[in-house]
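Q: Before I ask anything, here is the structure I am working with.
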There are 4 protein chains.
Amino acid sequence: MDRFEDRLRLRVRYSETDQMGSFYNSRALEWFECGRSEIMRKLGLPYAEMEARGCFLPLVEAHVVYQGRARYDDLLEVTTRVAFEGRAKLRCDETIVHAESRLPVASGYTIHAFTSRDGKPQRPPAWFLEAVEQKLRNRPPADDSETKVET
Amino acid sequence: MDRFEDRLRLRVRYSETDQMGSFYNSRALEWFECGRSEIMRKLGLPYAEMEARGCFLPLVEAHVVYQGRARYDDLLEVTTRVAFEGRAKLRCDETIVHAESRLPVASGYTIHAFTSRDGKPQRPPAWFLEAVEQKLRNRPPADDSETKVET
Amino acid sequence: MDRFEDRLRLRVRYSETDQMGSFYNSRALEWFECGRSEIMRKLGLPYAEMEARGCFLPLVEAHVVYQGRARYDDLLEVTTRVAFEGRAKLRCDETIVHAESRLPVASGYTIHAFTSRDGKPQRPPAWFLEAVEQKLRNRPPADDSETKVET
Amino acid sequence: MDRFEDRLRLRVRYSETDQMGSFYNSRALEWFECGRSEIMRKLGLPYAEMEARGCFLPLVEAHVVYQGRARYDDLLEVTTRVAFEGRAKLRCDETIVHAESRLPVASGYTIHAFTSRDGKPQRPPAWFLEAVEQKLRNRPPADDSETKVET
């Protein structure tokens with residue numbers, strides 16, 4: 001996994017707004033999580049299965065830059081890129097834009113440790129590394145099609 | 001436990017507002033939960049300990065009547081009454097008012113099953129019934145002091 | 001609008017789980033809201049536009065029956081039916097099931113008042129009633145196709 | 001306002017947990033907000049009043065480092081320090097620890113712009129600067145009492 005990218009669309013829920021009329025700031029981290037869920041599925045490693053196999057990916061760091069408003073019912077596009085951060089951590093870079101206008105909403109990253117169920121740090125499991133390696137092998141050489149969205 | 005009552009104060013968080021300028025509707029259920037946490041502690045049965053002993057109280061039903069607005073930073077008072085609903089369920093009745101003006105915000109109830117960790121229905125454990133019974137025994141005869149708040 | 005029905009699919013987010021391993025109880029009200037947003041769009045009355053025109057639909061009552069667990073990443077289907085409750089209120093009936101197994105997750109209803117921006121009750125606006133009436137007129141006589149989902 | 005500090009205690013709500021058994025990551029930003037609300041009140045500038053006077057403080061950046069678990073019902077202490085970031089932004093530094101054990105939970109910062117109601121950047125209002133200056137003047141010279149919690 002030198003770098004994987006995936007895109008997801010979602011609408012701002014009413015529950016995600018606040019009285020300032022835009023989305024409440026912590027929702028950005030929840031939308032980042034939606035992006036991560038999708039990209040792990042595309043990698044063939046749905047996170048629900050990872051936890052079922054005893055591999056957890058809690059956050060150790062998060063950063064968000066707020067770039068623009070997004071109102072209730074606005075259609076947003078979340079782009080997620082995932083890569084290793086050293087040998088024992090994952091880093092997800094996220095960008096959220098308005099799906100139509102491409103105006104920026106927020107961007108940032110989250111860094112994740114590999115841990116056991118009780119929170120103890122562990123190395124990325126062999127099956128995780130193999131699945132990622134296989135995914136990269138099966139990717140055609142100059143192919144960057146999975147980083148494109150239907151346009 | 002014919003009936004127990006407790007009161008709790010909390011401030012509306014900015015994260016709990018929505019673009020209508022009042023609290024988002026689902027927050028009422030979250031504030032009901034805060035009330036339940038406190039009353040279980042007063043009963044000598046902190047819910048965290050109950051779960052640690054394998055006794056879970058998931059909701060089977062919830063009802064909310066919305067009576068008035070509450071804005072960011074408003075100080076609210078949550079009153080919780082807990083009683084058995086039949087032999088195997090708990091019922092919590094909740095009232096939320098503005099702490100100063102006493103204007104109503106929301107009221108309702110939640111009904112809870114007793115289950116094991118994996119969600120299977122079970123009878124209320126003996127230690128739960130004993131703790132409740134003891135609490136009632138230790139209550140002075142005509143005492144309704146626990147239903148009063150410091151005023 | 002004697003009765004309108006619409007369906008929506010969504011996945012349980014990690015942020016919507018709690019330590020019991022299923023979804024946190026108040027999320028049901030947030031998913032009901034997603035269902036309402038979609039059905040209003042199908043009615044040609046996106047709720048964002050309604051608010052922009054000064055017509056608000058705050059909750060006056062909510063009821064939820066919890067029927068089964070739903071775990072992180074489970075695919076759910078929310079069915080929403082909307083109808084008038086008397087002349088000045090809307091009632092939405094909601095059912096949430098697992099999209100594949102059809103096992104029930106939660107069902108309930110919400111009742112909504114028509115109000116101005118500052119929360120004062122008002123009659124449903126003429127343009128709202130006209131839009132609904134027109135929608136019904138344009139519906140083929142014995143057609144219930146829009147209430148069916150691909151099965 | 002070279003630097004102001006305040007402390008606040010809160011309990012982890014059940015709604016704030018996730019299936020990993022600790023708090024869901026975005027809650028840290030919500031707790032940071034609780035800390036900001038309290039420190040603005042102590043500064044004599046309750047944020048609700050600031051918005052009522054047309055002065056908004058949306059986030060432009062947020063950073064969180066996750067340092068340890070916190071479970072349902074754990075009592076946490078949020079320490080907030082606020083200072084100017086340049087002439088037109090506020091910076092809040094936040095630390096969350098377990099109130100009893102002092103074990104770290106999370107730390108980070110948020111940076112806020114001064115804007116009008118419609119999100120346009122503006123200079124910090126004169127009344128804001130005066131209130132802060134007066135607060136600093138009334139502070140005894142070598143006083144660090146505001147960094148202490150009432151014990």
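Following the order of the structure tokens, chains are lettered A, B, ..., residues in each are numbered from 1, and ligands are numbered from 1.
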Report as a Markdown table the residues of chain A within 9 Å of chain D, each with its shortest atom pair and distance in Å (one decimal), using only C-alpha atoms, ordered by chain and increasing residue number.
A:
| residue | atom | partner | partner_atom | distance |
| --- | --- | --- | --- | --- |
| A:Met20 | CA | D:Arg117 | CA | 7.6 |
| A:Asn25 | CA | D:Leu59 | CA | 7.0 |
| A:Ser26 | CA | D:Ser26 | CA | 5.4 |
| A:Arg27 | CA | D:Ser26 | CA | 7.3 |
| A:Ala28 | CA | D:Ser26 | CA | 8.4 |
| A:Leu29 | CA | D:Ser26 | CA | 5.7 |
| A:Glu30 | CA | D:Ser26 | CA | 6.7 |
| A:Phe56 | CA | D:Met20 | CA | 8.2 |
| A:Pro58 | CA | D:Met20 | CA | 8.4 |
| A:Leu59 | CA | D:Tyr66 | CA | 6.6 |
| A:Val60 | CA | D:Tyr66 | CA | 4.8 |
| A:Glu61 | CA | D:Val65 | CA | 4.5 |
| A:Ala62 | CA | D:Val64 | CA | 5.1 |
| A:His63 | CA | D:His63 | CA | 4.5 |
| A:Val64 | CA | D:Ala62 | CA | 5.2 |
| A:Val65 | CA | D:Glu61 | CA | 4.5 |
| A:Tyr66 | CA | D:Val60 | CA | 4.8 |
| A:Gln67 | CA | D:Val60 | CA | 7.0 |
| A:Arg69 | CA | D:Gly119 | CA | 8.5 |
| A:Arg117 | CA | D:Met20 | CA | 7.6 |
| A:Asp118 | CA | D:Met20 | CA | 8.6 |
| A:Gly119 | CA | D:Arg69 | CA | 8.5 |
Q: Quick one: pick out all helix (DSSP H, G or I) residues within region 3-138 of chain D from a backbone DSSP run and write them as an MDAnalysis selection string.
A: chainID D and resid 14:16 27:42 47:52 126:137
Q: If you run DSSP on the backbone here, which positions in chain A get strand (DSSP E)? Please write them as a PyMOL selection string.
A: chain A and resi 4-11+59-66+75-85+89-98+104-113
Q: Please list as a list in words every residue within 10 Å of Thr79 (chain C), counting only C-alpha atoms and excluding residues in the same chain fewer than 4 positions away.
A: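 Near neighbours after the sequence-gap exclusion: Glu5, Asp6, Arg7, Leu8, Arg9, Phe32, Gly35, Arg36, Ile39, Cys92, Asp93, Glu94, Thr95, Ile96, Val97, Ser107, Thr147 and Val149 of chain C.
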Q: Quote the spacing between CA of Ala83 (chain A) and CA of Val132 (chain A) in Å to one decimal place.
A: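 Here the two named atoms are 10.5 Å from each other.
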Q: Hey, what's within 6 Å of Arg11 (chain C) if we count only C-alpha atoms and toss same-chain stuff fewer than 6 positions away? As an MDAnalysis selection string, please?
A: chainID C and resid 73:76
